[in-house]
$ cat start20.txt   # compact mmCIF, C-alpha atoms and all ligand atoms
# COMPACT_ATOMS: atom_id res chain seq x y z
CA MET A 1 14.45 17.67 -1.42
CA SER A 2 12.42 14.51 -2.10
CA LEU A 3 10.58 14.55 -5.41
CA VAL A 4 8.65 11.43 -4.47
CA ASN A 5 6.74 11.69 -1.20
CA SER A 6 3.13 10.72 -0.59
CA TRP A 7 1.94 9.04 2.58
CA THR A 8 -1.73 9.89 2.71
CA GLU A 9 -4.82 10.43 0.57
CA TRP A 10 -5.17 14.02 1.81
CA GLY A 11 -1.77 15.78 2.23
CA THR A 12 -1.45 19.02 0.25
CA LEU A 13 -0.98 17.95 -3.35
CA GLU A 14 2.19 19.17 -5.06
CA GLU A 15 2.70 16.90 -8.07
CA VAL A 16 0.30 14.52 -9.80
CA VAL A 17 -0.11 12.49 -12.97
CA VAL A 18 -3.39 12.83 -14.88
CA GLY A 19 -4.40 10.04 -17.32
CA ARG A 20 -5.28 10.32 -21.00
CA ALA A 21 -8.19 8.99 -23.04
CA ASP A 22 -6.01 8.82 -26.19
CA LYS A 23 -6.21 5.74 -28.41
CA ALA A 24 -8.20 3.74 -25.85
CA CYS A 25 -10.04 0.51 -26.62
CA PHE A 26 -13.06 -1.25 -25.19
CA PRO A 27 -11.56 -3.82 -22.83
CA PRO A 28 -11.68 -7.19 -24.59
CA ILE A 29 -13.58 -10.16 -23.14
CA GLU A 30 -11.15 -12.39 -21.23
CA PRO A 31 -11.19 -14.63 -18.12
CA ASN A 32 -11.31 -11.68 -15.71
CA PHE A 33 -13.87 -9.78 -17.78
CA MET A 34 -16.56 -12.13 -19.04
CA GLN A 35 -19.77 -10.32 -18.21
CA PRO A 36 -19.55 -6.56 -18.80
CA ASN A 37 -22.32 -4.73 -17.00
CA LEU A 38 -23.83 -2.20 -19.38
CA HIS A 39 -25.92 -0.79 -16.50
CA HIS A 40 -28.83 -0.09 -18.85
CA LYS A 41 -31.23 -3.02 -19.39
CA GLN A 42 -32.36 -1.78 -22.81
CA ILE A 43 -28.81 -1.45 -24.08
CA GLU A 44 -28.00 -4.95 -22.80
CA GLU A 45 -30.91 -6.36 -24.81
CA TRP A 46 -29.65 -5.16 -28.18
CA LEU A 47 -25.96 -4.70 -27.80
CA THR A 48 -23.13 -7.16 -27.46
CA TRP A 49 -20.01 -5.78 -25.83
CA PRO A 50 -18.07 -3.83 -28.48
CA GLU A 51 -14.45 -4.44 -29.23
CA GLY A 52 -11.63 -2.36 -30.65
CA ARG A 53 -10.98 1.34 -30.72
CA LYS A 54 -13.29 3.85 -29.05
CA LYS A 55 -14.72 6.57 -31.28
CA LYS A 56 -12.70 9.72 -31.91
CA GLU A 57 -15.48 12.05 -30.63
CA VAL A 58 -15.84 10.02 -27.43
CA ILE A 59 -12.09 10.21 -26.84
CA GLU A 60 -12.00 13.93 -27.58
CA ARG A 61 -14.80 14.85 -25.20
CA ALA A 62 -13.14 12.85 -22.39
CA ASN A 63 -9.76 14.42 -23.10
CA LYS A 64 -11.38 17.85 -22.91
CA GLN A 65 -12.65 17.09 -19.40
CA LEU A 66 -9.24 15.71 -18.39
CA ASP A 67 -7.65 18.93 -19.70
CA THR A 68 -10.07 20.93 -17.56
CA LEU A 69 -8.86 18.97 -14.54
CA VAL A 70 -5.25 19.74 -15.50
CA ASP A 71 -6.08 23.49 -15.74
CA ILE A 72 -7.75 23.45 -12.32
CA LEU A 73 -4.82 21.63 -10.74
CA GLU A 74 -2.24 23.94 -12.29
CA GLY A 75 -4.31 26.92 -11.13
CA GLU A 76 -4.02 25.50 -7.60
CA GLY A 77 -0.22 25.42 -7.94
CA VAL A 78 0.06 21.66 -8.54
CA THR A 79 2.63 20.34 -11.05
CA VAL A 80 0.91 18.02 -13.52
CA LYS A 81 2.52 15.27 -15.59
CA ARG A 82 0.88 13.17 -18.30
CA PRO A 83 1.64 9.60 -19.39
CA ALA A 84 2.95 8.89 -22.89
CA SER A 85 0.25 8.75 -25.56
CA VAL A 86 0.36 5.16 -26.84
CA ASP A 87 -1.91 3.14 -29.10
CA HIS A 88 -3.73 0.49 -27.09
CA CYS A 89 -5.41 -1.10 -30.07
CA VAL A 90 -2.69 -3.68 -30.58
CA GLU A 91 -2.75 -7.40 -29.95
CA THR A 92 -1.08 -8.39 -26.68
CA LYS A 93 0.39 -11.83 -26.18
CA THR A 94 2.73 -14.02 -24.18
CA PRO A 95 3.70 -17.62 -24.96
CA SER A 96 0.47 -18.89 -23.35
CA TRP A 97 -2.31 -16.42 -24.21
CA SER A 98 -3.29 -13.48 -26.36
CA VAL A 99 -5.93 -10.76 -26.34
CA LYS A 100 -7.01 -8.66 -29.31
CA THR A 101 -6.30 -5.29 -27.74
CA GLN A 102 -5.08 -3.51 -24.65
CA TYR A 103 -7.28 -1.04 -22.76
CA GLY A 104 -6.09 2.54 -22.13
CA THR A 105 -4.19 5.07 -20.06
CA GLY A 106 -7.21 6.61 -18.39
CA CYS A 107 -6.50 5.27 -14.91
CA PRO A 108 -2.97 5.69 -13.56
CA ARG A 109 -4.38 4.95 -10.07
CA ASP A 110 -5.08 1.32 -10.98
CA VAL A 111 -1.46 0.68 -11.94
CA MET A 112 0.75 3.07 -9.98
CA ILE A 113 0.90 4.11 -6.34
CA THR A 114 3.31 6.20 -4.29
CA LEU A 115 3.91 4.72 -0.84
CA GLY A 116 6.07 7.26 1.01
CA ASN A 117 9.24 7.46 -1.10
CA ILE A 118 8.46 4.26 -3.03
CA ILE A 119 6.95 4.28 -6.51
CA PHE A 120 5.21 1.00 -6.89
CA GLU A 121 3.94 -0.63 -10.10
CA SER A 122 1.25 -3.25 -9.56
CA ASN A 123 0.95 -6.22 -11.90
CA MET A 124 -2.75 -5.74 -12.80
CA ALA A 125 -5.43 -8.43 -13.05
CA LYS A 126 -6.42 -8.51 -16.69
CA ARG A 127 -4.43 -9.78 -19.65
CA SER A 128 -5.33 -6.64 -21.62
CA ARG A 129 -3.69 -4.54 -18.91
CA PHE A 130 -0.43 -6.53 -18.75
CA PHE A 131 1.66 -3.72 -20.26
CA GLU A 132 -0.25 -0.78 -18.81
CA TYR A 133 2.77 0.35 -16.77
CA LEU A 134 4.67 1.29 -19.93
CA PRO A 135 3.16 4.76 -20.59
CA TYR A 136 4.28 5.79 -17.07
CA ARG A 137 7.86 4.59 -17.39
CA ASN A 138 9.22 7.92 -18.72
CA ILE A 139 7.93 9.64 -15.61
CA VAL A 140 9.26 6.95 -13.26
CA ARG A 141 12.71 6.83 -14.86
CA ASP A 142 13.04 10.60 -14.71
CA LEU A 143 12.07 10.73 -11.01
CA TRP A 144 14.37 7.82 -10.17
CA ARG A 145 17.33 9.60 -11.74
CA ARG A 146 16.65 12.93 -10.03
CA ASP A 147 15.54 11.76 -6.56
CA LYS A 148 18.28 9.64 -5.04
CA LYS A 149 16.06 8.62 -2.13
CA MET A 150 13.27 7.30 -4.32
CA GLN A 151 12.74 3.54 -4.45
CA TRP A 152 11.22 1.86 -7.49
CA LYS A 153 9.41 -1.41 -6.85
CA VAL A 154 7.74 -3.54 -9.48
CA MET A 155 5.42 -6.39 -8.56
CA PRO A 156 6.38 -9.69 -10.22
CA LYS A 157 4.47 -10.10 -13.48
CA ALA A 158 1.81 -12.80 -13.18
CA SER A 159 1.62 -15.51 -15.86
CA PHE A 160 -2.15 -14.94 -16.31
CA ASP A 161 -2.42 -18.54 -17.41
CA ASP A 162 -5.94 -19.97 -17.26
CA ASP A 163 -5.39 -21.36 -13.75
CA CYS A 164 -4.93 -17.82 -12.37
CA PHE A 165 -8.67 -17.29 -12.90
CA ASP A 166 -11.78 -18.82 -11.37
CA VAL A 167 -14.20 -18.31 -14.27
CA ASP A 168 -17.03 -20.04 -12.36
CA PHE A 169 -17.38 -16.70 -10.58
CA TRP A 170 -19.31 -15.40 -13.56
CA THR A 171 -22.07 -18.01 -13.27
CA ARG A 172 -22.26 -18.96 -9.59
CA GLU A 173 -24.69 -17.36 -7.16
CA LYS A 174 -22.96 -14.71 -5.07
CA THR A 175 -23.50 -14.59 -1.32
CA VAL A 176 -22.64 -11.90 1.20
CA GLY A 177 -19.34 -12.62 2.92
CA ASP A 178 -18.25 -15.32 0.42
CA ARG A 179 -15.01 -13.50 -0.57
CA ARG A 180 -14.35 -15.78 -3.57
CA TYR A 181 -13.94 -13.71 -6.69
CA THR A 182 -12.37 -14.14 -10.14
CA LEU A 183 -8.75 -14.73 -9.14
CA THR A 184 -7.28 -17.95 -7.78
CA GLU A 185 -4.41 -17.78 -5.30
CA LYS A 186 -1.83 -19.29 -7.67
CA GLU A 187 0.19 -16.07 -7.98
CA PRO A 188 0.17 -12.70 -6.19
CA ILE A 189 -2.04 -10.32 -8.17
CA MET A 190 -3.01 -6.79 -7.26
CA GLU A 191 -4.23 -3.46 -8.61
CA ALA A 192 -3.01 -0.39 -6.76
CA ALA A 193 -6.47 1.19 -6.53
CA ASP A 194 -7.39 -1.40 -3.90
CA ILE A 195 -5.02 0.40 -1.49
CA ILE A 196 -5.60 3.48 0.66
CA ARG A 197 -2.82 5.25 2.53
CA CYS A 198 -2.91 6.83 5.99
CA GLY A 199 0.72 7.49 7.01
CA ILE A 200 2.39 4.37 8.34
CA ASP A 201 -0.85 2.39 7.89
CA ILE A 202 -1.97 1.00 4.56
CA PHE A 203 -5.39 -0.56 4.00
CA ILE A 204 -6.19 -2.97 1.21
CA GLN A 205 -9.22 -4.97 0.11
CA LYS A 206 -9.43 -8.35 -1.60
CA SER A 207 -11.38 -7.95 -4.82
CA LEU A 208 -11.86 -9.16 -8.37
CA VAL A 209 -8.47 -7.61 -9.12
CA THR A 210 -6.52 -8.26 -5.89
CA ASN A 211 -6.11 -11.71 -4.32
CA ASP A 212 -4.99 -12.72 -0.82
CA ALA A 213 -1.58 -13.70 -2.21
CA GLY A 214 -1.21 -10.17 -3.62
CA ILE A 215 -2.00 -8.68 -0.21
CA GLU A 216 0.50 -11.00 1.48
CA TRP A 217 3.14 -10.14 -1.11
CA LEU A 218 2.66 -6.42 -0.41
CA ALA A 219 2.74 -6.91 3.37
CA ARG A 220 6.00 -8.88 3.18
CA GLU A 221 7.54 -6.38 0.79
CA LEU A 222 6.72 -3.48 3.11
CA THR A 223 7.66 -5.14 6.43
CA ASP A 224 9.34 -2.60 8.77
CA LYS A 225 8.12 0.32 6.62
CA PHE A 226 4.32 0.14 6.80
CA ARG A 227 1.59 -1.66 8.71
CA VAL A 228 -0.64 -3.37 6.16
CA HIS A 229 -4.28 -4.08 7.07
CA LYS A 230 -6.93 -6.01 5.15
CA MET A 231 -10.37 -4.48 4.86
CA CYS A 232 -13.62 -6.17 3.89
CA PHE A 233 -16.91 -4.69 2.71
CA PRO A 234 -19.12 -7.79 2.62
CA GLN A 235 -22.16 -6.17 0.96
CA ASN A 236 -20.11 -5.55 -2.17
CA LEU A 237 -20.38 -8.79 -4.15
CA ASN A 238 -18.25 -7.47 -7.03
CA PRO A 239 -15.50 -5.41 -5.37
CA VAL A 240 -13.10 -3.70 -7.76
CA HIS A 241 -10.93 -0.98 -6.15
CA ILE A 242 -11.53 0.59 -2.76
CA ASP A 243 -11.76 4.19 -3.96
CA ALA A 244 -15.51 4.33 -4.43
CA THR A 245 -16.10 2.61 -1.10
CA PHE A 246 -14.01 4.09 1.72
CA ILE A 247 -12.32 7.50 1.43
CA PRO A 248 -10.19 8.98 4.24
CA LEU A 249 -10.70 12.75 3.87
CA ARG A 250 -8.39 14.08 6.59
CA PRO A 251 -7.04 12.79 9.90
CA GLY A 252 -10.01 11.48 11.87
CA LEU A 253 -12.64 11.72 9.10
CA CYS A 254 -13.61 9.10 6.54
CA LEU A 255 -16.35 9.04 3.88
CA THR A 256 -18.13 5.67 3.76
CA ASN A 257 -20.45 4.04 1.24
CA PRO A 258 -23.92 3.22 2.64
CA ASP A 259 -24.21 0.20 0.30
CA ARG A 260 -20.76 -1.13 1.27
CA ARG A 261 -20.15 -0.74 4.98
CA PRO A 262 -16.93 -2.18 6.41
CA ASP A 263 -17.38 -5.33 8.48
CA LYS A 264 -16.97 -5.06 12.26
CA GLU A 265 -13.38 -6.26 12.22
CA SER A 266 -12.34 -3.79 9.49
CA ALA A 267 -14.08 -0.85 11.18
CA GLN A 268 -12.71 -1.55 14.66
CA LEU A 269 -9.22 -0.08 14.18
CA TRP A 270 -10.70 3.16 12.84
CA LEU A 271 -13.19 3.44 15.69
CA ASP A 272 -10.55 2.56 18.31
CA ASN A 273 -8.53 5.51 17.03
CA ASP A 274 -11.43 7.98 17.13
CA TRP A 275 -12.02 8.25 13.40
CA LYS A 276 -15.49 9.47 12.50
CA PHE A 277 -17.37 7.90 9.58
CA ILE A 278 -19.71 10.04 7.47
CA GLU A 279 -21.94 8.32 4.91
CA ALA A 280 -21.89 9.48 1.30
CA PRO A 281 -25.27 10.63 -0.01
CA GLN A 282 -26.91 8.76 -2.91
CA PRO A 283 -25.18 9.66 -6.21
CA ALA A 284 -26.76 12.21 -8.55
CA PHE A 285 -27.44 9.46 -11.13
CA ASP A 286 -28.82 5.94 -10.56
CA THR A 287 -26.40 4.44 -13.05
CA PRO A 288 -23.01 5.37 -14.45
CA PRO A 289 -22.86 6.33 -18.16
CA PRO A 290 -23.07 3.52 -20.77
CA PHE A 291 -19.80 1.57 -21.27
CA CYS A 292 -18.52 2.69 -17.87
CA LEU A 293 -17.19 -0.39 -16.07
CA CYS A 294 -17.60 1.09 -12.59
CA SER A 295 -20.60 1.59 -10.33
CA LYS A 296 -22.75 4.67 -9.67
CA TRP A 297 -20.52 5.20 -6.61
CA LEU A 298 -17.91 6.90 -8.76
CA SER A 299 -19.73 9.86 -7.20
CA MET A 300 -17.42 9.39 -4.16
CA ASN A 301 -14.25 9.01 -6.22
CA MET A 302 -12.79 12.45 -5.49
CA LEU A 303 -9.31 13.92 -5.58
CA SER A 304 -8.06 15.57 -2.38
CA LEU A 305 -5.97 18.70 -2.90
CA SER A 306 -5.38 19.13 0.82
CA PRO A 307 -7.02 18.26 4.17
CA THR A 308 -9.47 21.10 3.45
CA LYS A 309 -9.98 21.10 -0.33
CA VAL A 310 -11.29 18.43 -2.74
CA VAL A 311 -12.30 18.13 -6.40
CA ILE A 312 -15.55 16.26 -7.18
CA GLU A 313 -17.82 15.76 -10.23
CA GLU A 314 -19.97 18.85 -10.68
CA ASN A 315 -23.33 17.03 -10.66
CA GLU A 316 -22.81 15.57 -7.18
CA LYS A 317 -24.61 18.37 -5.33
CA PRO A 318 -25.65 16.41 -2.18
CA LEU A 319 -22.02 15.30 -1.75
CA LEU A 320 -20.87 18.88 -2.25
CA SER A 321 -23.17 20.04 0.58
CA LEU A 322 -22.03 17.25 2.88
CA LEU A 323 -18.38 18.10 2.30
CA GLU A 324 -18.97 21.83 2.77
CA ASP A 325 -20.85 21.12 6.01
CA ASN A 326 -17.72 19.26 7.15
CA GLY A 327 -15.47 22.22 6.48
CA PHE A 328 -14.16 21.51 2.95
CA ASP A 329 -13.72 23.86 0.03
CA VAL A 330 -15.16 21.90 -2.88
CA ILE A 331 -14.34 22.38 -6.55
CA GLY A 332 -16.90 20.79 -8.89
CA ILE A 333 -15.84 20.01 -12.46
CA PRO A 334 -17.51 18.23 -15.41
CA PHE A 335 -16.10 14.71 -15.59
CA ARG A 336 -18.77 12.16 -16.61
CA TYR A 337 -17.41 11.76 -20.16
CA VAL A 338 -14.21 10.40 -18.61
CA TYR A 339 -16.04 7.66 -16.68
CA GLU A 340 -16.10 5.16 -19.55
CA PHE A 341 -12.30 5.36 -19.70
CA GLY A 342 -12.10 3.66 -16.32
CA GLY A 343 -13.20 5.97 -13.56
CA ALA A 344 -13.55 9.37 -11.95
CA LEU A 345 -11.20 11.88 -10.32
CA HIS A 346 -9.28 9.55 -8.00
CA CYS A 347 -8.97 6.77 -10.61
CA THR A 348 -7.63 9.08 -13.31
CA THR A 349 -4.84 10.53 -11.16
CA TRP A 350 -1.73 9.29 -9.37
CA ASP A 351 -0.16 11.56 -6.77
CA ILE A 352 3.63 11.67 -6.78
CA ARG A 353 4.22 14.28 -4.11
CA ARG A 354 2.11 15.57 -1.24
CA ASP A 355 3.14 17.68 1.72
CA ASP A 356 2.79 14.89 4.28
CA SER A 357 4.87 12.44 6.25
CA CYS A 358 5.00 9.01 7.85
CA LYS A 359 2.69 9.81 10.78
CA ASP A 360 0.88 7.32 12.96
CA TYR A 361 -2.85 8.01 12.71
CA PHE A 362 -3.69 4.74 14.47
CA PRO A 363 -1.60 4.70 17.67
CA ASN A 364 -4.13 2.53 19.43
CA GLN A 365 -3.54 -0.95 17.95
N1 LIG B 1 -12.25 2.22 -9.65
C1 LIG B 1 -13.24 2.76 -8.84
C2 LIG B 1 -14.60 2.22 -9.07
C3 LIG B 1 -15.04 1.24 -8.12
C4 LIG B 1 -16.51 1.09 -8.11
O1 LIG B 1 -17.20 1.34 -9.07
O2 LIG B 1 -17.02 0.74 -7.08
$ encode --input "start20.txt" --output "structure tokens"
Amino acid sequence: MSLVNSWTEWGTLEEVVVGRADKACFPPIEPNFMQPNLHHKQIEEWLTWPEGRKKKEVIERANKQLDTLVDILEGEGVTVKRPASVDHCVETKTPSWSVKTQYGTGCPRDVMITLGNIIFESNMAKRSRFFEYLPYRNIVRDLWRRDKKMQWKVMPKASFDDDCFDVDFWTREKTVGDRRYTLTEKEPIMEAADIIRCGIDIFIQKSLVTNDAGIEWLARELTDKFRVHKMCFPQNLNPVHIDATFIPLRPGLCLTNPDRRPDKESAQLWLDNDWKFIEAPQPAFDTPPPFCLCSKWLSMNMLSLSPTKVVIEENEKPLLSLLEDNGFDVIGIPFRYVYEFGGALHCTTWDIRRDDSCKDYFPNQ
């Protein structure tokens, strides 16, 4: 039996990794993180971005919500694994740069992805996240030893020298459709949360953390195994990860973000294959919690347990109704304390095994 098998975002979930808030730090200012958005004007006026370790109480309350997720998943019969608990408040350096601290282990999804029988480690886009794969290595090594069909692929580490970054991004005026972000094309760079999986087809967006070279690297690496498609959501001037933008819920049904619609070219393949788009309702809150680096659209960042069951944040009542109206069982859990550790329910998980296979959901292409 394969221990590693996950081809879609919605197959029945059998084994998953849930992140930890332990020993996390505020991400340090660096070329790919120069203007943190505090989301709250008043806070921005009196606060400079903090550095160093997050407070013990803040870590504990997030860990409590992560533990609740673990309990729910285990109650649903899902095997849950956790990354190693490591201290991120250590200086990180290579011969050409250093940053004061690392970040955290809250978001396995950003680093790790299962593509069929391949476990894939992305190389990340921030210096402070250079070593973020390490807390997952125990899990990967164990699976690799036990599942003889599993493949383990690691993206080449980027140098993250200054010329990997276009720091003018932070000051120039942004225009719809520009598609120039913080990364240059010097080296392939990618974060796994910019990918969504639908059987043999994989969709990926260019963003502040994934460049065109990263997408090309992935496409070449997966030739003959997957069809890799670029997607673009031109209204999003600061794209970071696709999983609060475009969420395939089950074959033929996709949740879309009304502020970030796919462009015509990106939408065409879905429409040609009879997928239906439903728009997410406005989130329950106008802003994410302070120190959260994501947008209010974490509301959409759900974890699918199967093609008929999902877990969402408990405050997102309009989303709950929409999903129920579309035939889903919805489990709502408290999760907002986790948001400042990098994201919501999709971000903080990495599925290792789902009951699904390499199907073609887009025969018409
Ligand atoms: N990592 C998911 C968050 C993306 C967003 O805020 O749009």
$ atom_distance --input "start20.txt" --atom1 "CA of Val228 in chain A" --atom2 "CA of Leu115 in chain A"
11.6 Å
$ residues_near_ligand --input "start20.txt" --ligand "ligand LIG 1 (chain B)" --cutoff "6 Å" --atoms "all atoms listed in the file" --output "PyMOL selection string"
chain A and resi 240-241+243-244+294-295+297-298+343+347
$ residues_near_point --input "start20.txt" --point "(-25.7, 12.3, -4.1)" --cutoff "10 Å" --atoms "only C-alpha atoms" --output "mmCIF file with C-alpha atoms, keeping the file's coordinate frame"
data_model
loop_
_atom_site.group_PDB
_atom_site.id
_atom_site.type_symbol
_atom_site.label_atom_id
_atom_site.label_comp_id
_atom_site.auth_asym_id
_atom_site.auth_seq_id
_atom_site.Cartn_x
_atom_site.Cartn_y
_atom_site.Cartn_z
ATOM 1 C CA ALA A 280 -21.890 9.480 1.300
ATOM 2 C CA PRO A 281 -25.270 10.630 -0.010
ATOM 3 C CA GLN A 282 -26.910 8.760 -2.910
ATOM 4 C CA PRO A 283 -25.180 9.660 -6.210
ATOM 5 C CA ALA A 284 -26.760 12.210 -8.550
ATOM 6 C CA PHE A 285 -27.440 9.460 -11.130
ATOM 7 C CA ASP A 286 -28.820 5.940 -10.560
ATOM 8 C CA LYS A 296 -22.750 4.670 -9.670
ATOM 9 C CA TRP A 297 -20.520 5.200 -6.610
ATOM 10 C CA SER A 299 -19.730 9.860 -7.200
ATOM 11 C CA MET A 300 -17.420 9.390 -4.160
ATOM 12 C CA ASN A 315 -23.330 17.030 -10.660
ATOM 13 C CA GLU A 316 -22.810 15.570 -7.180
ATOM 14 C CA LYS A 317 -24.610 18.370 -5.330
ATOM 15 C CA PRO A 318 -25.650 16.410 -2.180
ATOM 16 C CA LEU A 319 -22.020 15.300 -1.750
ATOM 17 C CA LEU A 320 -20.870 18.880 -2.250
ATOM 18 C CA SER A 321 -23.170 20.040 0.580
ATOM 19 C CA LEU A 322 -22.030 17.250 2.880
#
$ closest_atom_pairs --input "start20.txt" --of "range 194-245 of chain A" --to "range 144-164 of chain A" --cutoff "10 Å" --atoms "all atoms listed in the file" --output "tab-separated table"
residue	atom	partner	partner_atom	distance
A:Gly214	CA	A:Met155	CA	9.1
A:Trp217	CA	A:Met155	CA	8.6
A:Leu218	CA	A:Met155	CA	8.6
A:Glu221	CA	A:Lys153	CA	9.3
$ atom_distance --input "start20.txt" --atom1 "CA of Asp22 in chain A" --atom2 "CA of Met112 in chain A"
18.5 Å
$ residues_near_point --input "start20.txt" --point "(-13.5, 4.6, 18.4)" --cutoff "12 Å" --atoms "only C-alpha atoms" --output "list in words"
Gly252, Leu253, Lys264, Ala267, Gln268, Leu269, Trp270, Leu271, Asp272, Asn273, Asp274, Trp275, Lys276, Phe277, Phe362, Pro363, Asn364 and Gln365 of chain A
$ closest_residue --input "start20.txt" --among "A:Leu293, A:Cys232, A:Leu323, A:Met302" --to "Glu279 in chain A" --atoms "all atoms listed in the file"
A:Leu323
$ atom_distance --input "start20.txt" --atom1 "CA of Lys174 in chain A" --atom2 "CA of Asn238 in chain A"
8.9 Å
$ residues_around --input "start20.txt" --residues "range 47-51 of chain A" --least-positions-apart "2" --cutoff "10 Å" --atoms "only C-alpha atoms" --output "NGL selection string"
:A and (25-29 or 34-38 or 42-45 or 53-54 or 89 or 100-101 or 291)
$ build_atoms --input "start20.txt" --residues "range 141-157 of chain A" --atoms "N, CA and C atoms" --output "PDB file, in the frame of the given file"
ATOM      1  N   ARG A 141      11.244   6.791 -14.644  1.00  0.00           N
ATOM      2  CA  ARG A 141      12.710   6.830 -14.860  1.00  0.00           C
ATOM      3  C   ARG A 141      13.279   8.202 -14.521  1.00  0.00           C
ATOM      4  N   ASP A 142      12.561   9.245 -14.951  1.00  0.00           N
ATOM      5  CA  ASP A 142      13.040  10.600 -14.710  1.00  0.00           C
ATOM      6  C   ASP A 142      13.105  10.890 -13.202  1.00  0.00           C
ATOM      7  N   LEU A 143      12.073  10.498 -12.459  1.00  0.00           N
ATOM      8  CA  LEU A 143      12.070  10.730 -11.010  1.00  0.00           C
ATOM      9  C   LEU A 143      13.176   9.930 -10.339  1.00  0.00           C
ATOM     10  N   TRP A 144      13.357   8.706 -10.784  1.00  0.00           N
ATOM     11  CA  TRP A 144      14.370   7.820 -10.170  1.00  0.00           C
ATOM     12  C   TRP A 144      15.772   8.395 -10.348  1.00  0.00           C
ATOM     13  N   ARG A 145      15.995   9.002 -11.519  1.00  0.00           N
ATOM     14  CA  ARG A 145      17.330   9.600 -11.740  1.00  0.00           C
ATOM     15  C   ARG A 145      17.544  10.829 -10.867  1.00  0.00           C
ATOM     16  N   ARG A 146      16.483  11.638 -10.705  1.00  0.00           N
ATOM     17  CA  ARG A 146      16.650  12.930 -10.030  1.00  0.00           C
ATOM     18  C   ARG A 146      16.523  12.837  -8.516  1.00  0.00           C
ATOM     19  N   ASP A 147      15.748  11.871  -8.014  1.00  0.00           N
ATOM     20  CA  ASP A 147      15.540  11.760  -6.560  1.00  0.00           C
ATOM     21  C   ASP A 147      16.278  10.526  -6.052  1.00  0.00           C
ATOM     22  N   LYS A 148      17.414  10.764  -5.433  1.00  0.00           N
ATOM     23  CA  LYS A 148      18.280   9.640  -5.040  1.00  0.00           C
ATOM     24  C   LYS A 148      17.693   8.835  -3.875  1.00  0.00           C
ATOM     25  N   LYS A 149      16.663   9.384  -3.227  1.00  0.00           N
ATOM     26  CA  LYS A 149      16.060   8.620  -2.130  1.00  0.00           C
ATOM     27  C   LYS A 149      14.877   7.773  -2.603  1.00  0.00           C
ATOM     28  N   MET A 150      14.440   8.032  -3.815  1.00  0.00           N
ATOM     29  CA  MET A 150      13.270   7.300  -4.320  1.00  0.00           C
ATOM     30  C   MET A 150      13.579   5.822  -4.525  1.00  0.00           C
ATOM     31  N   GLN A 151      12.620   4.972  -4.135  1.00  0.00           N
ATOM     32  CA  GLN A 151      12.740   3.540  -4.450  1.00  0.00           C
ATOM     33  C   GLN A 151      11.711   3.178  -5.508  1.00  0.00           C
ATOM     34  N   TRP A 152      12.078   2.256  -6.359  1.00  0.00           N
ATOM     35  CA  TRP A 152      11.220   1.860  -7.490  1.00  0.00           C
ATOM     36  C   TRP A 152      10.964   0.367  -7.352  1.00  0.00           C
ATOM     37  N   LYS A 153       9.732   0.017  -7.047  1.00  0.00           N
ATOM     38  CA  LYS A 153       9.410  -1.410  -6.850  1.00  0.00           C
ATOM     39  C   LYS A 153       8.382  -1.851  -7.874  1.00  0.00           C
ATOM     40  N   VAL A 154       8.630  -2.986  -8.451  1.00  0.00           N
ATOM     41  CA  VAL A 154       7.740  -3.540  -9.480  1.00  0.00           C
ATOM     42  C   VAL A 154       7.258  -4.898  -9.004  1.00  0.00           C
ATOM     43  N   MET A 155       5.961  -5.092  -8.989  1.00  0.00           N
ATOM     44  CA  MET A 155       5.420  -6.390  -8.560  1.00  0.00           C
ATOM     45  C   MET A 155       5.733  -7.448  -9.615  1.00  0.00           C
ATOM     46  N   PRO A 156       6.079  -8.669  -9.210  1.00  0.00           N
ATOM     47  CA  PRO A 156       6.380  -9.690 -10.220  1.00  0.00           C
ATOM     48  C   PRO A 156       5.223  -9.846 -11.203  1.00  0.00           C
ATOM     49  N   LYS A 157       5.534  -9.901 -12.495  1.00  0.00           N
ATOM     50  CA  LYS A 157       4.470 -10.100 -13.480  1.00  0.00           C
ATOM     51  C   LYS A 157       3.822 -11.462 -13.224  1.00  0.00           C
TER      52      LYS A 157
END
